[in-house]
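Content type mmCIF, C-alpha atoms and all ligand atoms, from the file entry-v5.cif:
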```cif
data_final
#
loop_
_atom_site.label_atom_id
_atom_site.label_comp_id
_atom_site.auth_asym_id
_atom_site.auth_seq_id
_atom_site.Cartn_x
_atom_site.Cartn_y
_atom_site.Cartn_z
CA MET A 42 3.43 -11.88 -22.25
CA LEU A 43 1.59 -12.07 -18.95
CA SER A 44 -2.19 -12.25 -19.43
CA VAL A 45 -4.35 -9.86 -17.40
CA SER A 46 -5.89 -12.81 -15.52
CA ALA A 47 -2.47 -14.23 -14.71
CA ALA A 48 -1.25 -10.83 -13.51
CA ILE A 49 -4.27 -10.39 -11.23
CA ARG A 50 -3.76 -13.85 -9.76
CA GLN A 51 0.01 -13.50 -9.41
CA ARG A 52 0.12 -10.08 -7.76
CA ILE A 53 0.93 -10.29 -4.10
CA SER A 54 2.00 -7.74 -1.54
CA VAL A 55 5.79 -7.95 -1.55
CA ARG A 56 7.27 -7.27 1.87
CA ARG A 57 10.94 -7.83 1.14
CA PHE A 58 12.73 -6.32 -1.86
CA LEU A 59 16.18 -6.57 -3.40
CA PRO A 60 18.16 -3.29 -3.47
CA THR A 61 18.33 -3.41 -7.31
CA PRO A 62 17.85 0.22 -8.44
CA ILE A 63 14.91 1.04 -10.69
CA PRO A 64 15.77 3.63 -13.35
CA GLU A 65 13.58 6.69 -13.76
CA SER A 66 12.77 5.59 -17.32
CA GLN A 67 11.19 2.39 -15.99
CA VAL A 68 9.04 4.28 -13.49
CA ARG A 69 7.96 6.63 -16.28
CA GLU A 70 7.06 3.70 -18.51
CA LEU A 71 5.04 2.18 -15.71
CA LEU A 72 3.10 5.39 -15.11
CA ASP A 73 2.64 5.88 -18.84
CA THR A 74 0.74 2.58 -18.84
CA ALA A 75 -1.11 3.13 -15.57
CA ARG A 76 -2.49 6.53 -16.65
CA TRP A 77 -4.95 4.61 -18.88
CA SER A 78 -6.81 3.56 -15.73
CA PRO A 79 -10.52 4.57 -15.85
CA SER A 80 -12.21 7.21 -13.72
CA GLY A 81 -15.75 8.57 -13.57
CA GLY A 82 -16.09 11.55 -15.90
CA ASN A 83 -12.45 10.93 -16.81
CA LEU A 84 -11.50 13.17 -13.88
CA GLN A 85 -8.26 11.20 -13.36
CA PRO A 86 -8.36 12.36 -9.73
CA TRP A 87 -4.94 10.95 -8.82
CA LYS A 88 -1.57 12.55 -8.30
CA LEU A 89 1.59 10.68 -7.54
CA ILE A 90 4.98 11.41 -6.00
CA ALA A 91 7.76 8.90 -6.70
CA VAL A 92 10.87 8.95 -4.53
CA ALA A 93 14.23 7.26 -5.03
CA GLY A 94 17.81 7.91 -3.91
CA ALA A 95 18.25 10.91 -1.62
CA GLU A 96 14.54 11.79 -1.78
CA ARG A 97 13.64 8.29 -0.60
CA ALA A 98 16.28 8.45 2.13
CA ALA A 99 14.84 11.76 3.35
CA VAL A 100 11.31 10.41 3.86
CA VAL A 101 12.62 7.20 5.42
CA ALA A 102 14.64 9.26 7.93
CA LEU A 103 11.67 11.52 8.62
CA ALA A 104 9.38 8.54 9.22
CA HIS A 105 11.82 6.80 11.55
CA ASP A 106 12.29 9.96 13.54
CA LEU A 107 8.53 10.18 14.10
CA LEU A 108 8.35 6.49 14.90
CA ALA A 109 11.03 6.86 17.57
CA HIS A 110 8.90 9.55 19.24
CA SER A 111 5.55 7.77 18.94
CA GLU A 112 3.62 5.80 21.49
CA GLY A 113 2.97 2.11 20.83
CA GLY A 114 5.17 1.93 17.74
CA VAL A 115 2.67 3.65 15.44
CA PRO A 116 2.58 7.41 14.86
CA ARG A 117 -0.93 8.79 14.67
CA GLU A 118 -1.24 12.18 13.12
CA GLN A 119 -4.41 14.09 12.56
CA GLY A 120 -6.12 12.66 9.50
CA SER A 121 -4.51 9.26 9.88
CA ASP A 122 -7.85 7.54 10.51
CA LEU A 123 -8.54 6.58 6.89
CA VAL A 124 -7.57 2.95 7.34
CA TYR A 125 -10.31 0.83 8.96
CA PRO A 126 -13.62 1.82 10.55
CA PRO A 127 -13.51 1.60 14.35
CA ASN A 128 -14.57 -1.67 16.00
CA LEU A 129 -14.29 -3.70 12.82
CA TRP A 130 -17.06 -6.33 12.63
CA GLU A 131 -17.24 -9.84 11.17
CA PRO A 132 -16.15 -11.22 8.77
CA TYR A 133 -13.66 -8.38 8.35
CA ARG A 134 -12.24 -8.51 11.85
CA SER A 135 -11.29 -12.19 11.53
CA ARG A 136 -9.82 -11.71 8.08
CA ARG A 137 -7.54 -9.00 9.34
CA TYR A 138 -6.51 -11.10 12.33
CA GLN A 139 -5.84 -14.13 10.11
CA LEU A 140 -3.60 -12.09 7.79
CA GLY A 141 -1.43 -10.97 10.68
CA GLU A 142 -1.19 -14.49 12.10
CA GLN A 143 -0.23 -16.00 8.73
CA MET A 144 2.36 -13.32 8.05
CA TYR A 145 4.06 -13.51 11.44
CA ALA A 146 4.02 -17.32 11.37
CA LEU A 147 5.91 -17.28 8.05
CA MET A 148 8.45 -14.90 9.53
CA GLY A 149 8.75 -16.99 12.69
CA ILE A 150 7.64 -14.14 14.96
CA PRO A 151 5.41 -15.46 17.79
CA ARG A 152 2.42 -13.53 19.13
CA GLU A 153 4.15 -12.69 22.41
CA ASP A 154 7.18 -11.18 20.58
CA ARG A 155 5.70 -7.70 20.50
CA ALA A 156 9.06 -6.10 19.74
CA GLY A 157 9.56 -8.45 16.78
CA ARG A 158 6.12 -7.60 15.38
CA LEU A 159 6.69 -3.87 15.85
CA ALA A 160 10.06 -4.17 14.10
CA HIS A 161 8.29 -5.70 11.10
CA VAL A 162 5.67 -2.96 11.12
CA ALA A 163 8.46 -0.37 11.26
CA ARG A 164 9.92 -1.81 8.05
CA ASN A 165 6.91 -0.31 6.30
CA PHE A 166 8.85 2.94 6.73
CA GLU A 167 11.75 1.50 4.70
CA PHE A 168 9.40 0.50 1.88
CA PHE A 169 10.42 -3.05 2.92
CA GLY A 170 13.78 -2.38 1.27
CA ALA A 171 12.33 -1.28 -2.09
CA PRO A 172 14.43 1.35 -3.90
CA VAL A 173 11.34 3.32 -5.00
CA GLY A 174 8.42 4.64 -2.98
CA LEU A 175 5.25 5.95 -4.56
CA PHE A 176 2.83 8.25 -2.74
CA PHE A 177 -0.74 8.46 -3.98
CA VAL A 178 -2.32 11.87 -3.54
CA ILE A 179 -5.92 13.03 -3.94
CA ASP A 180 -7.60 16.41 -3.64
CA ARG A 181 -9.27 16.35 -0.23
CA ARG A 182 -12.41 17.93 -1.73
CA MET A 183 -13.05 14.79 -3.78
CA GLY A 184 -15.86 12.39 -2.87
CA ARG A 185 -16.18 8.64 -2.45
CA GLY A 186 -16.41 8.07 -6.19
CA GLN A 187 -13.04 9.66 -6.85
CA TRP A 188 -11.50 7.74 -3.96
CA ALA A 189 -12.69 4.54 -5.64
CA HIS A 190 -11.07 5.68 -8.87
CA LEU A 191 -7.82 6.36 -7.07
CA GLY A 192 -7.98 2.76 -5.84
CA MET A 193 -8.41 1.52 -9.41
CA PHE A 194 -5.39 3.54 -10.41
CA MET A 195 -3.34 1.98 -7.64
CA GLN A 196 -4.25 -1.54 -8.73
CA THR A 197 -3.42 -0.61 -12.33
CA VAL A 198 0.01 0.61 -11.19
CA ALA A 199 0.55 -2.67 -9.32
CA LEU A 200 -0.43 -4.79 -12.33
CA ALA A 201 1.61 -2.71 -14.78
CA ALA A 202 4.58 -3.10 -12.42
CA LEU A 203 4.12 -6.86 -12.42
CA ALA A 204 4.14 -6.85 -16.23
CA GLN A 205 7.57 -5.19 -15.95
CA GLY A 206 8.78 -7.87 -13.55
CA LEU A 207 8.48 -5.59 -10.52
CA GLY A 208 6.80 -6.23 -7.20
CA THR A 209 4.71 -3.82 -5.14
CA CYS A 210 3.22 -3.43 -1.70
CA MET A 211 0.49 -0.90 -1.08
CA GLN A 212 1.16 0.81 2.22
CA GLU A 213 -1.51 2.72 4.04
CA PHE A 214 0.83 2.67 7.03
CA TRP A 215 2.51 5.77 5.58
CA GLY A 216 -0.83 7.53 6.09
CA THR A 217 -0.05 7.61 9.81
CA ILE A 218 2.36 10.46 9.04
CA ARG A 219 0.49 12.07 6.17
CA ASP A 220 0.55 15.55 7.69
CA THR A 221 4.33 15.50 8.10
CA LEU A 222 4.75 14.20 4.55
CA HIS A 223 2.39 16.88 3.27
CA ALA A 224 4.63 19.55 4.78
CA HIS A 225 7.81 17.77 3.65
CA PHE A 226 6.65 17.72 0.02
CA ALA A 227 5.28 21.30 0.33
CA LEU A 228 1.93 20.23 -1.13
CA PRO A 229 -0.96 22.63 -1.61
CA GLU A 230 -3.54 22.73 1.20
CA THR A 231 -6.07 20.86 -0.99
CA ASP A 232 -3.84 17.82 -1.50
CA LEU A 233 -4.02 14.79 0.76
CA ILE A 234 -1.57 11.88 0.79
CA TYR A 235 -3.65 8.72 0.98
CA CYS A 236 -1.30 5.79 0.68
CA ALA A 237 2.17 4.74 -0.39
CA MET A 238 3.40 1.85 -2.52
CA ALA A 239 6.77 0.14 -2.37
CA LEU A 240 8.14 -0.67 -5.82
CA GLY A 241 11.09 -2.85 -6.72
CA VAL A 242 12.38 -6.32 -7.46
CA ALA A 243 10.89 -8.86 -5.05
CA ASP A 244 13.27 -10.93 -2.94
CA MET A 245 11.52 -14.24 -3.44
CA SER A 246 13.93 -16.00 -1.07
CA ALA A 247 12.35 -14.12 1.86
CA PRO A 248 9.78 -16.26 3.75
CA VAL A 249 7.37 -13.30 4.09
CA ASN A 250 6.99 -13.26 0.30
CA ARG A 251 5.61 -16.79 0.38
CA LEU A 252 2.42 -15.44 1.94
CA ARG A 253 -0.58 -16.12 -0.25
CA SER A 254 -3.47 -14.52 1.60
CA PRO A 255 -6.80 -16.33 1.13
CA ARG A 256 -9.91 -14.94 -0.50
CA ALA A 257 -13.60 -15.51 0.07
CA ALA A 258 -15.28 -17.73 -2.52
CA VAL A 259 -17.31 -16.08 -5.29
CA ASP A 260 -20.62 -17.15 -3.71
CA ASP A 261 -19.60 -15.48 -0.44
CA PHE A 262 -19.59 -12.00 -1.99
CA ALA A 263 -21.48 -12.21 -5.29
CA SER A 264 -25.15 -12.70 -5.98
CA LEU A 265 -25.68 -13.74 -9.60
CA ARG A 266 -29.27 -13.24 -10.64
CA GLY A 267 -31.31 -13.87 -13.75
CA PHE A 268 -28.88 -16.16 -15.56
C1 LIG B 1 -4.81 0.31 0.02
C2 LIG B 1 -3.99 -0.76 0.65
C3 LIG B 1 -3.11 -0.44 1.68
C4 LIG B 1 -2.30 -1.42 2.25
N1 LIG B 1 -1.41 -1.07 3.24
C5 LIG B 1 -0.53 -1.97 3.71
C6 LIG B 1 0.48 -1.58 4.63
O1 LIG B 1 0.55 -0.44 5.07
N2 LIG B 1 1.40 -2.51 5.02
C7 LIG B 1 1.37 -3.81 4.55
O2 LIG B 1 2.23 -4.60 4.92
N3 LIG B 1 0.39 -4.22 3.69
C8 LIG B 1 -0.54 -3.33 3.25
N4 LIG B 1 -1.50 -3.70 2.34
C9 LIG B 1 -1.50 -5.08 1.82
C10 LIG B 1 -2.69 -5.92 2.26
O3 LIG B 1 -2.47 -6.45 3.54
C11 LIG B 1 -2.86 -7.03 1.22
O4 LIG B 1 -3.22 -6.47 -0.02
C12 LIG B 1 -3.91 -8.07 1.58
O5 LIG B 1 -3.58 -8.75 2.75
C13 LIG B 1 -4.07 -9.08 0.43
O6 LIG B 1 -2.83 -9.72 0.18
P1 LIG B 1 -2.10 -9.65 -1.21
O7 LIG B 1 -1.93 -8.21 -1.59
O8 LIG B 1 -0.78 -10.34 -1.00
O9 LIG B 1 -2.97 -10.38 -2.22
C14 LIG B 1 -2.37 -2.76 1.79
C15 LIG B 1 -3.27 -3.07 0.76
C16 LIG B 1 -4.06 -2.10 0.20
C17 LIG B 1 -5.01 -2.47 -0.91
#
```
Would it be possible to restate this file's structure as structure tokens?
Amino acid sequence: MLSVSAAIRQRISVRRFLPTPIPESQVRELLDTARWSPSGGNLQPWKLIAVAGAERAAVVALAHDLLAHSEGGVPREQGSDLVYPPNLWEPYRSRRYQLGEQMYALMGIPREDRAGRLAHVARNFEFFGAPVGLFFVIDRRMGRGQWAHLGMFMQTVALAALAQGLGTCMQEFWGTIRDTLHAHFALPETDLIYCAMALGVADMSAPVNRLRSPRAAVDDFASLRGF
């Protein structure tokens, strides 16, 4: 059985999946594990929508329709600004840049191939070929604490998926059409779709899945005192 440490170290963002269907029972089992994620006051401030089959096809079609009518290859709806702060500063700016460069290099898409890069970005809206898409929803009245707890839940889902032999990719890109999705799913006014997650069997023959993004060393982010 995969140890927790091994799972944390092995999890990567999978950006190419096999079409192998995932049965509803497996998604239920995954969520049955992930619901043991912690949250302040045990609020469990997460909600989740899982789509497969025709429901998945409907959101994929919706997203591509919006993409076709958007400027610059990225739709930007009201409320889609939850991704990065404006004018990202160092070291974050460079890390983001480096990720893009590493990913496109693996895929053989040069910097000047803007169409090629946009085509990759657009594949976010196909869940990178994954048969299941998860949408993570939070009550918009919640504060920063609950948002952090939603993040913990998402990582728990990703690790529980790995334990089942499944790959994931968290996808804030879907947040660029959160208002349309909100209407599509007929959610209550108070609900807000934060992020999606692709779920399926990783296609490990795809070069993009060889990406192992770097991390800062412990001493770059941690200050250990009094030991
Ligand atoms: C909340 C969240 C949203 C993300 N959204 C996207 C996304 O929309 N598209 C994408 O390709 N990767 C997305 N990622 C993946 C990150 O780029 C990735 O986690 C990071 O580069 C570290 O790489 P790793 O997950 O392979 O360890 C997201 C990650 C997180 C945590």
Using all atoms listed in the file, which protein or nucleic acid residues are at most 6 Å from ligand LIG 1 (chain B), as a PDB file with C-alpha atoms, keeping the file's coordinate frame?
```pdb
ATOM      1  CA  ILE A  53       0.930 -10.290  -4.100  1.00  0.00           C
ATOM      2  CA  SER A  54       2.000  -7.740  -1.540  1.00  0.00           C
ATOM      3  CA  MET A 211       0.490  -0.900  -1.080  1.00  0.00           C
ATOM      4  CA  GLN A 212       1.160   0.810   2.220  1.00  0.00           C
ATOM      5  CA  GLU A 213      -1.510   2.720   4.040  1.00  0.00           C
ATOM      6  CA  PHE A 214       0.830   2.670   7.030  1.00  0.00           C
ATOM      7  CA  ARG A 253      -0.580 -16.120  -0.250  1.00  0.00           C
ATOM      8  CA  SER A 254      -3.470 -14.520   1.600  1.00  0.00           C
TER       9      SER A 254
END
```
Check your understanding: Do you know which residues are at most 6 Å from stretch 73-89 of chain A counting all atoms listed in the file, after dropping those on the same chain fewer than 6 positions away, and could you put them as an MDAnalysis selection string?
Key -> chainID A and resid 176:179 190:191 194 197:198
Point to revise | A:Met238, A:Gly267, A:Gln51, A:Pro248 ranked by distance to A:Ala171, top pick (using all atoms listed in the file) | key: A:Met238
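If all atoms listed in the file are the atoms counted, then among A:Ala201, A:Leu175, A:Val92, A:Ile49 the closest residue to A:Glu70 is A:Ala201.
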Exercise for review: Determine, counting all atoms listed in the file, which protein, DNA and RNA residues have an atom within 9 Å of an atom of A:Ala204; residues of the same chain fewer than 4 positions away are not included. Present the result as a list in words.
Suggested key: Met42, Leu43, Ser44, Ala48, Ala199 and Leu200 of chain A
Exercise for review: Work out how far apart atom CA of A:Leu252 and atom CA of A:Glu167 are and give it in Å to one decimal.
Suggested key: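 Atom CA of A:Glu167 lies at a distance of 19.5 Å from atom CA of A:Leu252.
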Would you mind putting back all heavy atoms on stretch 91-102 of chain A, then writing it out as a PDB file, in the frame of the given file?
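New file part.pdb:
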```pdb
ATOM      1  N   ALA A  91       6.853  10.058  -6.734  1.00  0.00           N
ATOM      2  CA  ALA A  91       7.760   8.900  -6.700  1.00  0.00           C
ATOM      3  C   ALA A  91       9.080   9.362  -6.108  1.00  0.00           C
ATOM      4  O   ALA A  91       9.617  10.398  -6.511  1.00  0.00           O
ATOM      5  CB  ALA A  91       7.974   8.354  -8.108  1.00  0.00           C
ATOM      6  N   VAL A  92       9.581   8.598  -5.135  1.00  0.00           N
ATOM      7  CA  VAL A  92      10.870   8.950  -4.530  1.00  0.00           C
ATOM      8  C   VAL A  92      11.874   7.816  -4.675  1.00  0.00           C
ATOM      9  O   VAL A  92      11.538   6.641  -4.551  1.00  0.00           O
ATOM     10  CB  VAL A  92      10.735   9.340  -3.025  1.00  0.00           C
ATOM     11  CG1 VAL A  92       9.968  10.623  -2.858  1.00  0.00           C
ATOM     12  CG2 VAL A  92      10.095   8.216  -2.207  1.00  0.00           C
ATOM     13  N   ALA A  93      13.107   8.202  -4.968  1.00  0.00           N
ATOM     14  CA  ALA A  93      14.230   7.260  -5.030  1.00  0.00           C
ATOM     15  C   ALA A  93      15.453   8.004  -4.508  1.00  0.00           C
ATOM     16  O   ALA A  93      15.398   9.222  -4.283  1.00  0.00           O
ATOM     17  CB  ALA A  93      14.447   6.791  -6.470  1.00  0.00           C
ATOM     18  N   GLY A  94      16.535   7.280  -4.302  1.00  0.00           N
ATOM     19  CA  GLY A  94      17.810   7.910  -3.910  1.00  0.00           C
ATOM     20  C   GLY A  94      17.693   8.787  -2.675  1.00  0.00           C
ATOM     21  O   GLY A  94      17.112   8.374  -1.660  1.00  0.00           O
ATOM     22  N   ALA A  95      18.223  10.010  -2.777  1.00  0.00           N
ATOM     23  CA  ALA A  95      18.250  10.910  -1.620  1.00  0.00           C
ATOM     24  C   ALA A  95      16.844  11.304  -1.170  1.00  0.00           C
ATOM     25  O   ALA A  95      16.583  11.502   0.027  1.00  0.00           O
ATOM     26  CB  ALA A  95      19.073  12.160  -1.957  1.00  0.00           C
ATOM     27  N   GLU A  96      15.918  11.417  -2.132  1.00  0.00           N
ATOM     28  CA  GLU A  96      14.540  11.790  -1.780  1.00  0.00           C
ATOM     29  C   GLU A  96      13.861  10.667  -0.976  1.00  0.00           C
ATOM     30  O   GLU A  96      13.100  10.923  -0.051  1.00  0.00           O
ATOM     31  CB  GLU A  96      13.722  12.091  -3.044  1.00  0.00           C
ATOM     32  CG  GLU A  96      14.180  13.328  -3.784  1.00  0.00           C
ATOM     33  CD  GLU A  96      13.632  14.617  -3.182  1.00  0.00           C
ATOM     34  OE1 GLU A  96      12.693  14.544  -2.362  1.00  0.00           O
ATOM     35  OE2 GLU A  96      14.153  15.692  -3.529  1.00  0.00           O
ATOM     36  N   ARG A  97      14.170   9.445  -1.351  1.00  0.00           N
ATOM     37  CA  ARG A  97      13.640   8.290  -0.600  1.00  0.00           C
ATOM     38  C   ARG A  97      14.261   8.281   0.800  1.00  0.00           C
ATOM     39  O   ARG A  97      13.561   8.108   1.803  1.00  0.00           O
ATOM     40  CB  ARG A  97      13.962   6.990  -1.345  1.00  0.00           C
ATOM     41  CG  ARG A  97      13.562   5.727  -0.596  1.00  0.00           C
ATOM     42  CD  ARG A  97      14.172   4.498  -1.260  1.00  0.00           C
ATOM     43  NE  ARG A  97      13.907   3.276  -0.533  1.00  0.00           N
ATOM     44  CZ  ARG A  97      14.531   2.890   0.583  1.00  0.00           C
ATOM     45  NH1 ARG A  97      15.483   3.670   1.114  1.00  0.00           N
ATOM     46  NH2 ARG A  97      14.226   1.759   1.173  1.00  0.00           N
ATOM     47  N   ALA A  98      15.573   8.475   0.838  1.00  0.00           N
ATOM     48  CA  ALA A  98      16.280   8.450   2.130  1.00  0.00           C
ATOM     49  C   ALA A  98      15.722   9.514   3.072  1.00  0.00           C
ATOM     50  O   ALA A  98      15.604   9.293   4.281  1.00  0.00           O
ATOM     51  CB  ALA A  98      17.771   8.656   1.903  1.00  0.00           C
ATOM     52  N   ALA A  99      15.356  10.663   2.515  1.00  0.00           N
ATOM     53  CA  ALA A  99      14.840  11.760   3.350  1.00  0.00           C
ATOM     54  C   ALA A  99      13.511  11.391   4.000  1.00  0.00           C
ATOM     55  O   ALA A  99      13.304  11.635   5.195  1.00  0.00           O
ATOM     56  CB  ALA A  99      14.697  13.031   2.506  1.00  0.00           C
ATOM     57  N   VAL A 100      12.600  10.766   3.245  1.00  0.00           N
ATOM     58  CA  VAL A 100      11.310  10.410   3.860  1.00  0.00           C
ATOM     59  C   VAL A 100      11.454   9.238   4.825  1.00  0.00           C
ATOM     60  O   VAL A 100      10.758   9.184   5.847  1.00  0.00           O
ATOM     61  CB  VAL A 100      10.178  10.129   2.822  1.00  0.00           C
ATOM     62  CG1 VAL A 100       9.737  11.382   2.114  1.00  0.00           C
ATOM     63  CG2 VAL A 100      10.542   9.061   1.827  1.00  0.00           C
ATOM     64  N   VAL A 101      12.377   8.334   4.509  1.00  0.00           N
ATOM     65  CA  VAL A 101      12.620   7.200   5.420  1.00  0.00           C
ATOM     66  C   VAL A 101      13.144   7.729   6.762  1.00  0.00           C
ATOM     67  O   VAL A 101      12.678   7.319   7.837  1.00  0.00           O
ATOM     68  CB  VAL A 101      13.608   6.181   4.776  1.00  0.00           C
ATOM     69  CG1 VAL A 101      14.133   5.185   5.810  1.00  0.00           C
ATOM     70  CG2 VAL A 101      12.932   5.436   3.622  1.00  0.00           C
ATOM     71  N   ALA A 102      14.077   8.683   6.700  1.00  0.00           N
ATOM     72  CA  ALA A 102      14.640   9.260   7.930  1.00  0.00           C
ATOM     73  C   ALA A 102      13.570  10.010   8.715  1.00  0.00           C
ATOM     74  O   ALA A 102      13.456   9.879   9.942  1.00  0.00           O
ATOM     75  CB  ALA A 102      15.803  10.183   7.582  1.00  0.00           C
TER      76      ALA A 102
END
```
